[in-house]
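*Asks:* So here's protein_15.pdb, just PDB, C-alpha atoms, pLDDT in the B column:
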MODEL        1
ATOM      1  CA  MET E   1      46.307  47.183 -94.695  1.00 86.00           C
ATOM      2  CA  ASN E   2      47.448  49.364 -97.551  1.00 92.00           C
ATOM      3  CA  ARG E   3      45.152  51.915 -99.200  1.00 91.00           C
ATOM      4  CA  TYR E   4      45.056  50.144-102.565  1.00 95.00           C
ATOM      5  CA  VAL E   5      44.022  46.840-100.973  1.00 96.00           C
ATOM      6  CA  LYS E   6      41.169  48.632 -99.187  1.00 96.00           C
ATOM      7  CA  ILE E   7      40.041  50.158-102.466  1.00 97.00           C
ATOM      8  CA  ALA E   8      40.314  46.803-104.260  1.00 97.00           C
ATOM      9  CA  LEU E   9      38.250  45.071-101.568  1.00 98.00           C
ATOM     10  CA  PHE E  10      35.474  47.633-101.825  1.00 98.00           C
ATOM     11  CA  VAL E  11      35.510  47.598-105.633  1.00 98.00           C
ATOM     12  CA  ALA E  12      35.263  43.785-105.584  1.00 98.00           C
ATOM     13  CA  THR E  13      32.413  43.937-103.060  1.00 98.00           C
ATOM     14  CA  CYS E  14      30.472  46.500-105.093  1.00 98.00           C
ATOM     15  CA  LEU E  15      30.976  44.528-108.293  1.00 98.00           C
ATOM     16  CA  ALA E  16      29.805  41.360-106.520  1.00 98.00           C
ATOM     17  CA  VAL E  17      26.627  43.138-105.389  1.00 97.00           C
ATOM     18  CA  GLY E  18      26.172  44.347-108.963  1.00 97.00           C
ATOM     19  CA  PHE E  19      26.655  40.827-110.284  1.00 96.00           C
ATOM     20  CA  VAL E  20      24.045  39.399-107.911  1.00 95.00           C
ATOM     21  CA  SER E  21      21.660  42.248-108.786  1.00 95.00           C
ATOM     22  CA  GLY E  22      22.270  41.476-112.447  1.00 94.00           C
ATOM     23  CA  LEU E  23      21.295  37.859-111.885  1.00 92.00           C
ATOM     24  CA  ALA E  24      18.061  39.001-110.260  1.00 88.00           C
ATOM     25  CA  THR E  25      17.452  41.422-113.117  1.00 92.00           C
ATOM     26  CA  ARG E  26      18.273  39.125-116.031  1.00 91.00           C
ATOM     27  CA  GLU E  27      15.091  37.034-116.072  1.00 87.00           C
ATOM     28  CA  GLY E  28      12.820  40.025-115.434  1.00 91.00           C
ATOM     29  CA  VAL E  29      14.356  41.923-118.355  1.00 91.00           C
ATOM     30  CA  THR E  30      13.694  39.120-120.815  1.00 90.00           C
ATOM     31  CA  THR E  31      10.194  38.341-119.567  1.00 92.00           C
ATOM     32  CA  TRP E  32       8.117  40.959-117.730  1.00 94.00           C
ATOM     33  CA  TYR E  33      10.149  44.099-118.534  1.00 95.00           C
ATOM     34  CA  SER E  34      10.034  43.439-122.273  1.00 93.00           C
ATOM     35  CA  THR E  35       6.222  43.569-122.112  1.00 95.00           C
ATOM     36  CA  VAL E  36       5.721  46.785-120.127  1.00 97.00           C
ATOM     37  CA  GLU E  37       5.173  50.161-121.727  1.00 97.00           C
ATOM     38  CA  LYS E  38       8.222  52.387-121.383  1.00 98.00           C
ATOM     39  CA  PRO E  39       8.749  56.123-121.856  1.00 98.00           C
ATOM     40  CA  SER E  40      10.427  57.447-124.991  1.00 97.00           C
ATOM     41  CA  PHE E  41      13.606  58.272-123.027  1.00 97.00           C
ATOM     42  CA  ASN E  42      14.112  54.671-121.855  1.00 97.00           C
ATOM     43  CA  PRO E  43      17.700  53.700-122.767  1.00 97.00           C
ATOM     44  CA  PRO E  44      18.343  50.480-124.679  1.00 95.00           C
ATOM     45  CA  ASN E  45      18.918  47.494-122.381  1.00 92.00           C
ATOM     46  CA  TRP E  46      22.607  47.186-123.321  1.00 93.00           C
ATOM     47  CA  VAL E  47      23.345  50.599-121.718  1.00 96.00           C
ATOM     48  CA  PHE E  48      22.600  49.481-118.165  1.00 95.00           C
ATOM     49  CA  ALA E  49      25.388  46.915-117.642  1.00 94.00           C
ATOM     50  CA  PRO E  50      28.333  49.172-118.582  1.00 97.00           C
ATOM     51  CA  VAL E  51      26.886  52.158-116.712  1.00 98.00           C
ATOM     52  CA  TRP E  52      26.292  50.136-113.559  1.00 97.00           C
ATOM     53  CA  THR E  53      29.718  48.508-113.796  1.00 97.00           C
ATOM     54  CA  LEU E  54      31.396  51.915-113.941  1.00 98.00           C
ATOM     55  CA  LEU E  55      29.236  53.209-111.075  1.00 98.00           C
ATOM     56  CA  TYR E  56      30.051  50.181-108.895  1.00 98.00           C
ATOM     57  CA  VAL E  57      33.769  50.690-109.519  1.00 98.00           C
ATOM     58  CA  MET E  58      33.484  54.377-108.616  1.00 98.00           C
ATOM     59  CA  MET E  59      31.490  53.508-105.477  1.00 98.00           C
ATOM     60  CA  GLY E  60      34.147  50.997-104.456  1.00 98.00           C
ATOM     61  CA  VAL E  61      36.987  53.453-105.013  1.00 98.00           C
ATOM     62  CA  ALA E  62      35.124  56.078-102.984  1.00 98.00           C
ATOM     63  CA  ALA E  63      34.454  53.697-100.084  1.00 98.00           C
ATOM     64  CA  GLY E  64      38.026  52.395-100.158  1.00 98.00           C
ATOM     65  CA  ARG E  65      39.381  55.935 -99.998  1.00 98.00           C
ATOM     66  CA  VAL E  66      37.160  56.676 -97.000  1.00 98.00           C
ATOM     67  CA  TRP E  67      38.171  53.431 -95.292  1.00 97.00           C
ATOM     68  CA  GLY E  68      41.764  54.586 -95.756  1.00 95.00           C
ATOM     69  CA  ARG E  69      41.004  57.475 -93.366  1.00 95.00           C
ATOM     70  CA  SER E  70      39.961  55.141 -90.523  1.00 92.00           C
ATOM     71  CA  GLU E  71      43.107  55.662 -88.452  1.00 90.00           C
ATOM     72  CA  ALA E  72      42.784  59.442 -88.507  1.00 92.00           C
ATOM     73  CA  GLN E  73      39.003  59.665 -88.042  1.00 92.00           C
ATOM     74  CA  PRO E  74      37.691  56.274 -86.888  1.00 94.00           C
ATOM     75  CA  SER E  75      34.206  57.241 -85.702  1.00 96.00           C
ATOM     76  CA  GLU E  76      33.469  59.438 -88.740  1.00 97.00           C
ATOM     77  CA  VAL E  77      34.670  56.703 -91.100  1.00 97.00           C
ATOM     78  CA  ARG E  78      32.558  54.087 -89.312  1.00 97.00           C
ATOM     79  CA  ARG E  79      29.474  56.307 -89.581  1.00 98.00           C
ATOM     80  CA  ALA E  80      30.110  57.085 -93.257  1.00 98.00           C
ATOM     81  CA  LEU E  81      30.668  53.433 -94.140  1.00 98.00           C
ATOM     82  CA  TRP E  82      27.516  52.478 -92.232  1.00 98.00           C
ATOM     83  CA  PHE E  83      25.524  54.698 -94.626  1.00 98.00           C
ATOM     84  CA  PHE E  84      27.461  53.218 -97.535  1.00 98.00           C
ATOM     85  CA  TRP E  85      26.449  49.660 -96.556  1.00 98.00           C
ATOM     86  CA  ILE E  86      22.810  50.697 -96.138  1.00 98.00           C
ATOM     87  CA  GLN E  87      22.656  52.287 -99.582  1.00 98.00           C
ATOM     88  CA  LEU E  88      24.428  49.298-101.141  1.00 98.00           C
ATOM     89  CA  ALA E  89      21.847  46.922 -99.644  1.00 98.00           C
ATOM     90  CA  LEU E  90      19.024  49.192-100.845  1.00 98.00           C
ATOM     91  CA  ASN E  91      20.640  49.263-104.285  1.00 98.00           C
ATOM     92  CA  ALA E  92      20.423  45.465-104.480  1.00 97.00           C
ATOM     93  CA  LEU E  93      16.899  45.409-103.058  1.00 98.00           C
ATOM     94  CA  TRP E  94      15.611  47.701-105.803  1.00 98.00           C
ATOM     95  CA  SER E  95      16.425  45.089-108.470  1.00 96.00           C
ATOM     96  CA  VAL E  96      14.456  42.477-106.563  1.00 97.00           C
ATOM     97  CA  LEU E  97      11.438  44.743-106.087  1.00 97.00           C
ATOM     98  CA  PHE E  98      11.375  45.896-109.700  1.00 97.00           C
ATOM     99  CA  PHE E  99      12.538  42.886-111.734  1.00 97.00           C
ATOM    100  CA  VAL E 100      11.724  39.883-109.537  1.00 96.00           C
ATOM    101  CA  LEU E 101       8.509  41.030-107.853  1.00 96.00           C
ATOM    102  CA  TRP E 102       7.487  43.156-110.879  1.00 96.00           C
ATOM    103  CA  ASN E 103       6.384  45.942-108.569  1.00 97.00           C
ATOM    104  CA  PRO E 104       7.373  49.353-109.961  1.00 98.00           C
ATOM    105  CA  LEU E 105       5.455  51.283-107.286  1.00 98.00           C
ATOM    106  CA  LEU E 106       7.151  49.523-104.372  1.00 98.00           C
ATOM    107  CA  ALA E 107      10.488  49.818-106.182  1.00 98.00           C
ATOM    108  CA  LEU E 108       9.879  53.555-106.614  1.00 98.00           C
ATOM    109  CA  ALA E 109       9.136  54.022-102.910  1.00 98.00           C
ATOM    110  CA  GLU E 110      12.311  52.114-102.048  1.00 98.00           C
ATOM    111  CA  LEU E 111      14.266  54.155-104.588  1.00 98.00           C
ATOM    112  CA  VAL E 112      13.375  57.359-102.736  1.00 98.00           C
ATOM    113  CA  LEU E 113      14.953  55.891 -99.608  1.00 98.00           C
ATOM    114  CA  LEU E 114      17.951  54.725-101.662  1.00 98.00           C
ATOM    115  CA  TRP E 115      18.390  58.237-103.083  1.00 98.00           C
ATOM    116  CA  LEU E 116      18.365  59.732 -99.581  1.00 98.00           C
ATOM    117  CA  MET E 117      20.955  57.206 -98.362  1.00 98.00           C
ATOM    118  CA  ILE E 118      23.200  57.894-101.364  1.00 98.00           C
ATOM    119  CA  TYR E 119      22.913  61.628-100.710  1.00 98.00           C
ATOM    120  CA  GLU E 120      23.830  61.172 -97.047  1.00 98.00           C
ATOM    121  CA  THR E 121      26.699  58.828 -97.951  1.00 98.00           C
ATOM    122  CA  LEU E 122      28.004  61.370-100.467  1.00 98.00           C
ATOM    123  CA  HIS E 123      27.847  64.129 -97.854  1.00 98.00           C
ATOM    124  CA  LYS E 124      29.653  62.039 -95.223  1.00 98.00           C
ATOM    125  CA  PHE E 125      32.262  60.857 -97.732  1.00 98.00           C
ATOM    126  CA  ARG E 126      32.881  64.416 -98.920  1.00 98.00           C
ATOM    127  CA  THR E 127      33.712  65.568 -95.404  1.00 97.00           C
ATOM    128  CA  LEU E 128      36.319  62.812 -95.104  1.00 98.00           C
ATOM    129  CA  ASP E 129      37.727  62.800 -98.645  1.00 97.00           C
ATOM    130  CA  ARG E 130      36.570  65.272-101.309  1.00 98.00           C
ATOM    131  CA  VAL E 131      37.441  62.913-104.157  1.00 98.00           C
ATOM    132  CA  ALA E 132      35.348  60.143-102.567  1.00 98.00           C
ATOM    133  CA  GLY E 133      32.396  62.524-102.403  1.00 98.00           C
ATOM    134  CA  TRP E 134      32.771  63.525-106.042  1.00 98.00           C
ATOM    135  CA  LEU E 135      33.004  59.872-107.078  1.00 98.00           C
ATOM    136  CA  LEU E 136      29.429  59.373-105.847  1.00 98.00           C
ATOM    137  CA  VAL E 137      27.939  62.276-107.826  1.00 98.00           C
ATOM    138  CA  PRO E 138      27.426  60.251-111.051  1.00 98.00           C
ATOM    139  CA  TYR E 139      25.790  57.499-108.986  1.00 98.00           C
ATOM    140  CA  LEU E 140      23.355  59.979-107.440  1.00 98.00           C
ATOM    141  CA  ALA E 141      22.637  61.426-110.893  1.00 98.00           C
ATOM    142  CA  TRP E 142      22.014  57.976-112.402  1.00 98.00           C
ATOM    143  CA  VAL E 143      19.719  56.956-109.546  1.00 98.00           C
ATOM    144  CA  SER E 144      17.862  60.253-110.033  1.00 98.00           C
ATOM    145  CA  PHE E 145      17.373  59.349-113.692  1.00 98.00           C
ATOM    146  CA  ALA E 146      16.383  55.812-112.685  1.00 98.00           C
ATOM    147  CA  GLY E 147      13.770  57.308-110.367  1.00 98.00           C
ATOM    148  CA  VAL E 148      12.196  59.293-113.194  1.00 98.00           C
ATOM    149  CA  LEU E 149      12.319  56.210-115.415  1.00 98.00           C
ATOM    150  CA  ASN E 150      10.849  53.995-112.672  1.00 98.00           C
ATOM    151  CA  ALA E 151       8.046  56.509-111.991  1.00 98.00           C
ATOM    152  CA  SER E 152       7.282  56.768-115.715  1.00 98.00           C
ATOM    153  CA  ILE E 153       7.081  53.004-116.103  1.00 98.00           C
ATOM    154  CA  TRP E 154       4.768  52.771-113.107  1.00 98.00           C
ATOM    155  CA  TRP E 155       2.573  55.578-114.465  1.00 98.00           C
ATOM    156  CA  LEU E 156       2.363  54.094-117.964  1.00 98.00           C
ATOM    157  CA  ASN E 157       1.476  50.614-116.677  1.00 97.00           C
ATOM    158  CA  ARG E 158      -0.792  51.312-113.691  1.00 93.00           C
TER     159      ARG E 158
ENDMDL
END
Now, as a test, write the supplied structure out as structure tokens.

*Replies:*
Amino acid sequence: MNRYVKIALFVATCLAVGFVSGLATREGVTTWYSTVEKPSFNPPNWVFAPVWTLLYVMMGVAAGRVWGRSEAQPSEVRRALWFFWIQLALNALWSVLFFVLWNPLLALAELVLLWLMIYETLHKFRTLDRVAGWLLVPYLAWVSFAGVLNASIWWLNR
């Protein structure tokens, strides 16, 4: 399979996960989330969709690039993609915990695990393809910001 097809498959997969997460988020944003106290640095709701879309595309490109190295380094690629799948599942789970179950504390605890998995994925990707590693840096930064935001929302509404 050609490199660009691998990238396209991962981008499509990441965007599909983002779409499903968005469906889980949508009702919570218009009901529960609109009623909770938020910190002054909370971005407007319209910011989240374009940021997440860009991050999912970058994640997909990174994973596709790493998958492209599977013939040269099969076991390392398998290990790196295993971490990628774990963090992607945790990414989707966060939306459920926060917006469906309305549980900022549980979502925050899960987000710490997500952050660690993203960090490990970034490290493993970087050893296989430097560009793939760099493509995950904005994702790690955004999840770091999301962690501070999540913690602030929990603190303000406990």

*Asks:* Would you work out the distance separating CA of Glu37 in chain E from CA of Leu97 in chain E, expressed in Å to one decimal?

*Replies:*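 It comes out at 17.7 Å.
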
*Asks:* So, counting only C-alpha atoms, which residue among E:Leu108, E:Val131, E:Leu122, E:Val5 is closest to Leu149 in chain E?

*Replies:* E:Leu108

*Asks:* Would you kindly return, as a PDB file with C-alpha atoms, in the frame of the given file, each protein, DNA or RNA residue with an atom no farther than 12 Å from any atom of Val51 in chain E, considering all atoms listed in the file and excluding same-chain residues fewer than 4 positions away?

*Replies:*
ATOM      1  CA  GLY E  18      26.172  44.347-108.963  1.00 97.00           C
ATOM      2  CA  PRO E  43      17.700  53.700-122.767  1.00 97.00           C
ATOM      3  CA  PRO E  44      18.343  50.480-124.679  1.00 95.00           C
ATOM      4  CA  ASN E  45      18.918  47.494-122.381  1.00 92.00           C
ATOM      5  CA  TRP E  46      22.607  47.186-123.321  1.00 93.00           C
ATOM      6  CA  VAL E  47      23.345  50.599-121.718  1.00 96.00           C
ATOM      7  CA  LEU E  55      29.236  53.209-111.075  1.00 98.00           C
ATOM      8  CA  TYR E  56      30.051  50.181-108.895  1.00 98.00           C
ATOM      9  CA  VAL E  57      33.769  50.690-109.519  1.00 98.00           C
ATOM     10  CA  MET E  58      33.484  54.377-108.616  1.00 98.00           C
ATOM     11  CA  PRO E 138      27.426  60.251-111.051  1.00 98.00           C
ATOM     12  CA  TYR E 139      25.790  57.499-108.986  1.00 98.00           C
ATOM     13  CA  ALA E 141      22.637  61.426-110.893  1.00 98.00           C
ATOM     14  CA  TRP E 142      22.014  57.976-112.402  1.00 98.00           C
ATOM     15  CA  VAL E 143      19.719  56.956-109.546  1.00 98.00           C
ATOM     16  CA  ALA E 146      16.383  55.812-112.685  1.00 98.00           C
TER      17      ALA E 146
END

*Asks:* Would you compute the distance between CA of Val29 in chain E and CA of Ala62 in chain E? Give it in Å to one decimal.

*Replies:* 29.5 Å

*Asks:* In Å to one decimal, how far is CA of Val17 in chain E from CA of Gly147 in chain E?

*Replies:*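 Spanning CA of Gly147 in chain E to CA of Val17 in chain E is a straight-line distance of 19.8 Å.
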
*Asks:* Might you pull out every residue within 12 Å of Thr13 in chain E, with all atoms listed in the file counted and same-chain residues fewer than 4 positions away left off, and present them as a ChimeraX atom specification?

*Replies:* /E:6-9,17-20,53,56-61,63-64,84-85,88-89

*Asks:* Given the file shown, determine the residues that the PyMOL selection byres ((chain E and resi 156) around 9) selects; report them as a PyMOL selection string.

*Replies:* chain E and resi 36-39+151-155+157-158

*Asks:* Output the selection as a PDB file, keeping the file's coordinate frame - C-alpha atoms for each residue.

*Replies:*
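Listing of again.pdb after writing:
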ATOM      1  CA  VAL E  36       5.721  46.785-120.127  1.00 97.00           C
ATOM      2  CA  GLU E  37       5.173  50.161-121.727  1.00 97.00           C
ATOM      3  CA  LYS E  38       8.222  52.387-121.383  1.00 98.00           C
ATOM      4  CA  PRO E  39       8.749  56.123-121.856  1.00 98.00           C
ATOM      5  CA  ALA E 151       8.046  56.509-111.991  1.00 98.00           C
ATOM      6  CA  SER E 152       7.282  56.768-115.715  1.00 98.00           C
ATOM      7  CA  ILE E 153       7.081  53.004-116.103  1.00 98.00           C
ATOM      8  CA  TRP E 154       4.768  52.771-113.107  1.00 98.00           C
ATOM      9  CA  TRP E 155       2.573  55.578-114.465  1.00 98.00           C
ATOM     10  CA  ASN E 157       1.476  50.614-116.677  1.00 97.00           C
ATOM     11  CA  ARG E 158      -0.792  51.312-113.691  1.00 93.00           C
TER      12      ARG E 158
END

*Asks:* Have a look at E:Phe41, E:Ser70, E:Phe48, E:Val112 and name the one nearest to Met1 in chain E; count only C-alpha atoms.

*Replies:*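 Using only C-alpha atoms, the shortest distance to Met1 in chain E belongs to E:Ser70.
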
*Asks:* Out of E:Pro50, E:Gly28, E:Gly22, E:Gly68, which residue has the shortest atom-to-atom distance to Tyr4 in chain E when counting only C-alpha atoms?

*Replies:*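 Nearest candidate to Tyr4 in chain E out of E:Pro50, E:Gly28, E:Gly22, E:Gly68: E:Gly68.
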
*Asks:* So, with only C-alpha atoms as the atoms that count, which of E:Trp94, E:Glu27, E:Arg3, E:Glu76 lies closest to His123 in chain E?

*Replies:* E:Glu76

*Asks:* Using all atoms listed in the file, pick whichever of E:Leu135, E:Trp67, E:Val148, E:Phe125 has the shortest atom-to-atom distance to Pro104 in chain E.

*Replies:* E:Val148

*Asks:* Go through E:Leu111, E:Leu101, E:Ala92, E:Cys14 one by one, measure the shortest atom-to-atom distance of each to Leu140 in chain E using all atoms listed in the file, and give the residue with the smallest value.

*Replies:*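 The answer is E:Leu111, which sits nearest to Leu140 in chain E.
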